[in-house]
$ cat my_file-v2.cif   # mmCIF, C-alpha atoms
data_run
#
loop_
_atom_site.label_atom_id
_atom_site.label_comp_id
_atom_site.auth_asym_id
_atom_site.auth_seq_id
_atom_site.Cartn_x
_atom_site.Cartn_y
_atom_site.Cartn_z
CA MET A 1261 122.50 114.93 92.83
CA GLU A 1262 124.03 118.28 91.88
CA LEU A 1263 127.20 119.47 93.63
CA ALA A 1264 125.68 122.90 94.31
CA THR A 1265 122.80 121.21 96.16
CA VAL A 1266 125.20 119.25 98.36
CA LEU A 1267 127.21 122.38 99.21
CA GLU A 1268 124.06 124.35 100.04
CA ALA A 1269 122.89 121.52 102.29
CA SER A 1270 126.23 121.51 104.12
CA ASN A 1271 125.97 125.24 104.77
CA ALA A 1272 122.38 124.83 105.98
CA ALA A 1273 123.48 122.04 108.34
CA LEU A 1274 126.05 124.38 109.89
CA GLU A 1275 123.32 126.97 110.46
CA ARG A 1276 121.09 124.36 112.13
CA VAL A 1277 123.89 123.36 114.50
CA HIS A 1278 124.46 127.05 115.28
CA SER A 1279 120.76 127.58 116.04
CA ALA A 1280 120.75 124.48 118.25
CA PHE A 1281 123.53 126.02 120.36
CA SER A 1282 121.52 129.27 120.54
CA PRO A 1283 118.05 128.16 121.69
CA PRO A 1284 116.58 131.68 122.03
CA THR A 1285 116.99 132.15 118.28
CA GLY A 1286 114.86 129.07 117.58
CA TYR A 1287 114.84 127.00 114.42
CA ASP A 1288 113.02 128.39 111.38
CA TRP A 1289 112.12 125.27 109.42
CA GLU A 1290 110.98 127.29 106.40
CA SER A 1291 114.35 128.97 105.93
CA ASP A 1292 116.09 125.88 104.59
CA ALA A 1293 113.19 123.57 103.72
CA LEU A 1294 113.90 123.67 100.00
CA VAL A 1295 117.64 123.15 100.48
CA ILE A 1296 117.00 120.09 102.65
CA ALA A 1297 114.37 118.75 100.25
CA ARG A 1298 116.72 119.05 97.29
CA ASP A 1299 119.50 117.34 99.25
CA TRP A 1300 117.19 114.40 100.02
CA GLY A 1301 115.30 114.30 96.76
CA VAL A 1302 117.09 112.67 93.85
CA ARG A 1303 115.66 113.18 90.37
CA PRO A 1304 113.91 110.14 88.83
CA THR A 1305 116.80 109.16 86.57
CA PRO A 1306 117.36 105.52 85.58
CA ALA A 1307 120.12 105.28 88.21
CA ALA A 1308 117.88 106.67 90.94
CA ARG A 1309 115.01 104.38 89.97
CA SER A 1310 117.29 101.35 90.08
CA MET A 1311 118.24 102.31 93.65
CA PHE A 1312 114.59 102.34 94.72
CA VAL A 1313 113.88 99.09 92.84
CA MET A 1314 116.67 97.39 94.82
CA ALA A 1315 114.94 98.46 98.02
CA TYR A 1316 111.46 97.46 96.81
CA ASP A 1317 112.70 94.04 95.71
CA ALA A 1318 113.39 93.37 99.40
CA LEU A 1319 109.77 94.37 100.10
CA PRO A 1320 107.74 92.32 97.59
CA ALA A 1321 104.36 93.05 99.19
CA TYR A 1322 105.00 96.81 99.03
CA ARG A 1323 106.45 96.58 95.50
CA ASP A 1324 103.50 94.58 94.21
CA ARG A 1325 101.02 97.12 95.54
CA LEU A 1326 102.92 99.93 93.84
CA ALA A 1327 102.89 97.99 90.58
CA ALA A 1328 99.14 97.36 90.96
CA GLY A 1329 98.41 101.07 91.26
CA GLY A 1330 98.53 101.77 94.99
CA PRO A 1331 97.22 104.32 95.62
CA LEU A 1332 100.32 105.64 97.40
CA LEU A 1333 100.34 108.31 100.10
CA ASP A 1334 103.71 110.05 100.55
CA VAL A 1335 103.68 112.05 103.79
CA GLY A 1336 106.45 114.64 103.89
CA SER A 1337 107.26 114.18 100.22
CA GLY A 1338 109.82 116.95 99.74
CA VAL A 1339 110.68 117.38 96.06
CA GLY A 1340 109.59 113.83 95.32
CA GLY A 1341 112.72 111.71 95.09
CA ALA A 1342 110.87 108.54 96.05
CA VAL A 1343 107.38 109.23 94.74
CA LEU A 1344 108.42 110.47 91.29
CA SER A 1345 110.78 107.52 90.83
CA ALA A 1346 107.96 105.15 91.77
CA LEU A 1347 105.49 106.85 89.40
CA VAL A 1348 107.94 106.57 86.51
CA GLU A 1349 108.81 102.96 87.34
CA TYR A 1350 105.22 101.78 87.85
CA PRO A 1351 102.92 103.19 85.11
CA ALA A 1352 99.69 102.10 86.85
CA LEU A 1353 100.56 103.85 90.10
CA ARG A 1354 98.65 106.88 91.36
CA ALA A 1355 99.88 108.90 94.32
CA VAL A 1356 99.06 111.72 96.74
CA THR A 1357 101.80 113.79 98.37
CA VAL A 1358 101.51 115.99 101.47
CA GLU A 1359 104.08 118.76 101.90
CA ARG A 1360 103.76 122.00 103.89
CA ALA A 1361 106.58 124.19 102.47
CA SER A 1362 105.30 126.29 99.57
CA ASP A 1363 108.63 126.54 97.71
CA VAL A 1364 109.12 122.78 98.03
CA VAL A 1365 105.62 122.16 96.65
CA GLU A 1366 106.35 124.38 93.66
CA GLU A 1367 109.56 122.52 92.85
CA LEU A 1368 107.77 119.18 93.23
CA ARG A 1369 105.16 120.34 90.69
CA GLN A 1370 107.92 121.29 88.25
CA ARG A 1371 109.72 117.97 88.70
CA ALA A 1372 106.48 116.02 88.24
CA GLN A 1373 105.80 117.85 84.98
CA ALA A 1374 109.37 117.22 83.77
CA ALA A 1375 109.05 113.52 84.60
CA GLY A 1376 105.74 113.24 82.72
CA VAL A 1377 103.79 111.94 85.73
CA ALA A 1378 101.86 115.03 86.86
CA ALA A 1379 98.51 113.57 85.75
CA ARG A 1380 98.91 110.68 88.21
CA LEU A 1381 100.06 112.81 91.16
CA ASP A 1382 97.84 114.82 93.53
CA ILE A 1383 100.13 117.33 95.29
CA ARG A 1384 98.63 118.74 98.49
CA HIS A 1385 100.14 121.83 100.06
CA SER A 1386 99.11 121.24 103.65
CA ASN A 1387 100.13 120.01 107.07
CA ALA A 1388 99.92 116.24 107.44
CA GLN A 1389 97.81 116.76 110.57
CA GLU A 1390 95.06 118.13 108.29
CA LEU A 1391 94.83 114.92 106.26
CA ASP A 1392 91.22 113.75 106.49
CA ASP A 1393 91.21 110.79 104.07
CA ASP A 1394 89.68 107.69 105.61
CA ALA A 1395 90.72 104.14 104.57
CA VAL A 1396 91.87 105.28 101.11
CA TYR A 1397 95.46 104.19 100.52
CA GLY A 1398 96.98 100.78 99.91
CA VAL A 1399 100.53 101.93 100.66
CA CYS A 1400 102.12 104.86 102.45
CA TYR A 1401 105.66 106.16 102.79
CA TRP A 1402 106.20 108.23 105.93
CA ALA A 1403 109.23 110.55 106.02
CA GLN A 1404 109.38 110.16 109.79
CA ALA A 1405 112.55 112.21 110.31
CA PHE A 1406 110.71 115.46 109.57
CA PHE A 1407 107.81 115.07 111.99
CA PRO A 1408 108.10 116.77 115.42
CA SER A 1409 106.84 115.03 118.52
CA HIS A 1410 103.46 116.78 118.65
CA THR A 1411 102.69 115.77 115.05
CA ARG A 1412 103.87 112.17 115.14
CA GLU A 1413 100.42 110.66 115.34
CA SER A 1414 99.46 107.51 113.50
CA ILE A 1415 98.38 107.84 109.87
CA ARG A 1416 96.61 104.53 110.30
CA ARG A 1417 93.20 106.06 109.51
CA ALA A 1418 94.25 107.13 106.00
CA LEU A 1419 95.34 103.60 105.10
CA ALA A 1420 92.85 101.02 103.95
CA PRO A 1421 92.57 97.97 106.24
CA GLY A 1422 95.68 95.90 105.61
CA GLY A 1423 97.41 98.91 104.05
CA LEU A 1424 101.20 99.02 104.26
CA LEU A 1425 103.20 101.78 105.95
CA LEU A 1426 106.91 102.12 105.12
CA ALA A 1427 109.48 104.15 107.05
CA GLN A 1428 113.27 104.33 106.87
CA GLU A 1429 115.94 104.03 109.53
CA LEU A 1430 118.11 107.10 109.09
CA ALA A 1431 120.71 106.75 111.82
CA ALA A 1432 123.54 104.54 110.61
CA PRO A 1433 124.98 102.22 113.26
CA ALA A 1434 127.67 104.30 114.94
CA ASP A 1435 131.08 102.97 115.86
CA ASP A 1436 132.77 104.05 119.08
CA SER A 1437 135.20 106.52 117.55
CA THR A 1438 135.38 110.11 118.78
CA SER A 1439 134.16 111.47 115.44
CA ALA A 1440 131.19 109.08 115.38
CA ARG A 1441 130.17 110.04 118.92
CA LEU A 1442 130.49 113.73 118.09
CA GLY A 1443 128.44 113.33 114.92
CA ALA A 1444 125.71 111.44 116.76
CA SER A 1445 125.63 114.06 119.53
CA LEU A 1446 125.30 116.92 117.02
CA ASP A 1447 122.55 115.07 115.15
CA ALA A 1448 120.64 114.53 118.41
CA LEU A 1449 121.09 118.18 119.38
CA VAL A 1450 119.74 119.44 116.06
CA ALA A 1451 116.84 116.97 116.17
CA ASP A 1452 115.94 118.15 119.66
CA CYS A 1453 116.07 121.78 118.50
CA ARG A 1454 113.61 120.92 115.71
CA GLY A 1455 111.37 119.05 118.15
CA VAL A 1456 111.99 115.77 116.32
CA PRO A 1457 112.70 112.69 118.43
CA PRO A 1458 115.97 111.15 117.21
CA VAL A 1459 115.13 107.60 116.15
CA VAL A 1460 118.39 105.81 116.79
CA ASN A 1461 117.61 102.49 115.17
CA ALA A 1462 115.01 100.57 113.23
CA GLU A 1463 113.89 98.65 116.32
CA ASP A 1464 112.85 101.89 118.03
CA LEU A 1465 110.96 102.94 114.90
CA ALA A 1466 109.24 99.54 114.76
CA ALA A 1467 108.19 99.95 118.38
CA GLU A 1468 106.70 103.34 117.54
CA LEU A 1469 104.64 101.83 114.71
CA ARG A 1470 103.36 99.07 116.98
CA ALA A 1471 102.38 101.67 119.57
CA GLY A 1472 100.51 103.49 116.79
CA GLY A 1473 98.33 100.46 116.11
CA PHE A 1474 100.22 98.77 113.27
CA THR A 1475 100.51 94.99 113.12
CA ARG A 1476 103.00 92.51 111.65
CA VAL A 1477 105.70 95.17 111.91
CA GLU A 1478 109.03 94.01 110.52
CA VAL A 1479 112.53 95.39 110.11
CA VAL A 1480 113.80 94.66 106.60
CA PRO A 1481 117.48 94.96 105.59
CA THR A 1482 117.87 96.33 102.05
CA PRO A 1483 120.79 97.52 99.90
CA VAL A 1484 119.89 101.11 100.85
CA GLY A 1485 119.61 100.54 104.60
CA ARG A 1486 117.07 99.08 106.98
CA LEU A 1487 113.40 99.79 106.32
CA VAL A 1488 110.44 99.26 108.66
CA LEU A 1489 107.15 97.95 107.30
CA GLY A 1490 103.86 97.80 109.20
CA ARG A 1491 100.27 96.91 108.32
CA ARG A 1492 97.05 98.55 109.33
CA GLY A 1493 94.80 96.20 111.24
CA GLN A 1494 91.19 95.54 110.27
#

$ encode --input "my_file-v2.cif" --output "structure tokens"
Amino acid sequence: MELATVLEASNAALERVHSAFSPPTGYDWESDALVIARDWGVRPTPAARSMFVMAYDALPAYRDRLAAGGPLLDVGSGVGGAVLSALVEYPALRAVTVERASDVVEELRQRAQAAGVAARLDIRHSNAQELDDDAVYGVCYWAQAFFPSHTRESIRRALAPGGLLLAQELAAPADDSTSARLGASLDALVADCRGVPPVVNAEDLAAELRAGGFTRVEVVPTPVGRLVLGRRGQ
């Protein structure tokens, strides 16, 4: 991760907090979409790939499907930190990404070309609500933190029966210090401004997947945090 990217993301975070305290101004998601995507999206270096492999080793069913070719659906892919690392790590894997910010899509294309995996990646510049694939994918990663309430519908239909859906807990367990409470309050305020429900823990996320029709939902501790895995029913 480049230092300039981290600094840009910090400045963008300040602007989001400011907009949250000024509701009439609203939040323009396009204004900092690329900055946020770069801050989240590591490049598929050996170090980055080893980080993802540590997580996938805790999820053998998901890992084995990636290794077997997927196909993988990455919903809210950003600049492809996860999907490009997976494509480099698993040579048989094919993937489809869905991303709605045009500048983010362009950077993802450039990164895919640089990583040598563009031929195995279908990049779709669209809203995830427009996805019309039916029972296609064996695995899916859902970047749930970027989906507002009115768009957080199940992607169950796009998964093949028995397909695996993976999502990540993003809120670290907070202690009771003043700084932790303040940080959590600001995060919740910004999430509310964006229309995104703040998922406070993996159990809440698991409950959301179950409500969306997924079965055998489990919370899995990994070296990179807790992940939630669910399966599409028959």

$ atom_distance --input "my_file-v2.cif" --atom1 "atom CA of Phe1312 of chain A" --atom2 "atom CA of Ser1345 of chain A"
7.5 Å

$ closest_residue --input "my_file-v2.cif" --among "A:Ala1418, A:Ala1466, A:Leu1489, A:Val1484" --to "Met1311 of chain A" --atoms "only C-alpha atoms"
A:Val1484

$ closest_residue --input "my_file-v2.cif" --among "A:Gly1376, A:Gly1398, A:Gly1472, A:Gly1330" --to "Leu1424 of chain A" --atoms "only C-alpha atoms"
A:Gly1398

$ closest_residue --input "my_file-v2.cif" --among "A:Leu1487, A:Ala1293, A:Gly1493, A:Thr1357" --to "Leu1319 of chain A" --atoms "all atoms listed in the file"
A:Leu1487

$ residues_around --input "my_file-v2.cif" --residues "Gly1336 of chain A" --least-positions-apart "3" --cutoff "10 Å" --atoms "all atoms listed in the file" --output "ChimeraX atom specification"
/A:1297,1333,1339-1340,1357-1361,1386-1388,1401-1407

$ write_last_selection --input "my_file-v2.cif" --atoms "C-alpha atoms" --output "compact mmCIF listing (two decimals), keeping the file's coordinate frame"
# COMPACT_ATOMS: atom_id res chain seq x y z
CA ALA A 1297 114.37 118.75 100.25
CA LEU A 1333 100.34 108.31 100.10
CA VAL A 1339 110.68 117.38 96.06
CA GLY A 1340 109.59 113.83 95.32
CA THR A 1357 101.80 113.79 98.37
CA VAL A 1358 101.51 115.99 101.47
CA GLU A 1359 104.08 118.76 101.90
CA ARG A 1360 103.76 122.00 103.89
CA ALA A 1361 106.58 124.19 102.47
CA SER A 1386 99.11 121.24 103.65
CA ASN A 1387 100.13 120.01 107.07
CA ALA A 1388 99.92 116.24 107.44
CA TYR A 1401 105.66 106.16 102.79
CA TRP A 1402 106.20 108.23 105.93
CA ALA A 1403 109.23 110.55 106.02
CA GLN A 1404 109.38 110.16 109.79
CA ALA A 1405 112.55 112.21 110.31
CA PHE A 1406 110.71 115.46 109.57
CA PHE A 1407 107.81 115.07 111.99

$ atom_distance --input "my_file-v2.cif" --atom1 "atom CA of Arg1325 of chain A" --atom2 "atom CA of Val1399 of chain A"
7.0 Å

$ atom_distance --input "my_file-v2.cif" --atom1 "atom CA of Leu1426 of chain A" --atom2 "atom CA of Ala1378 of chain A"
22.9 Å
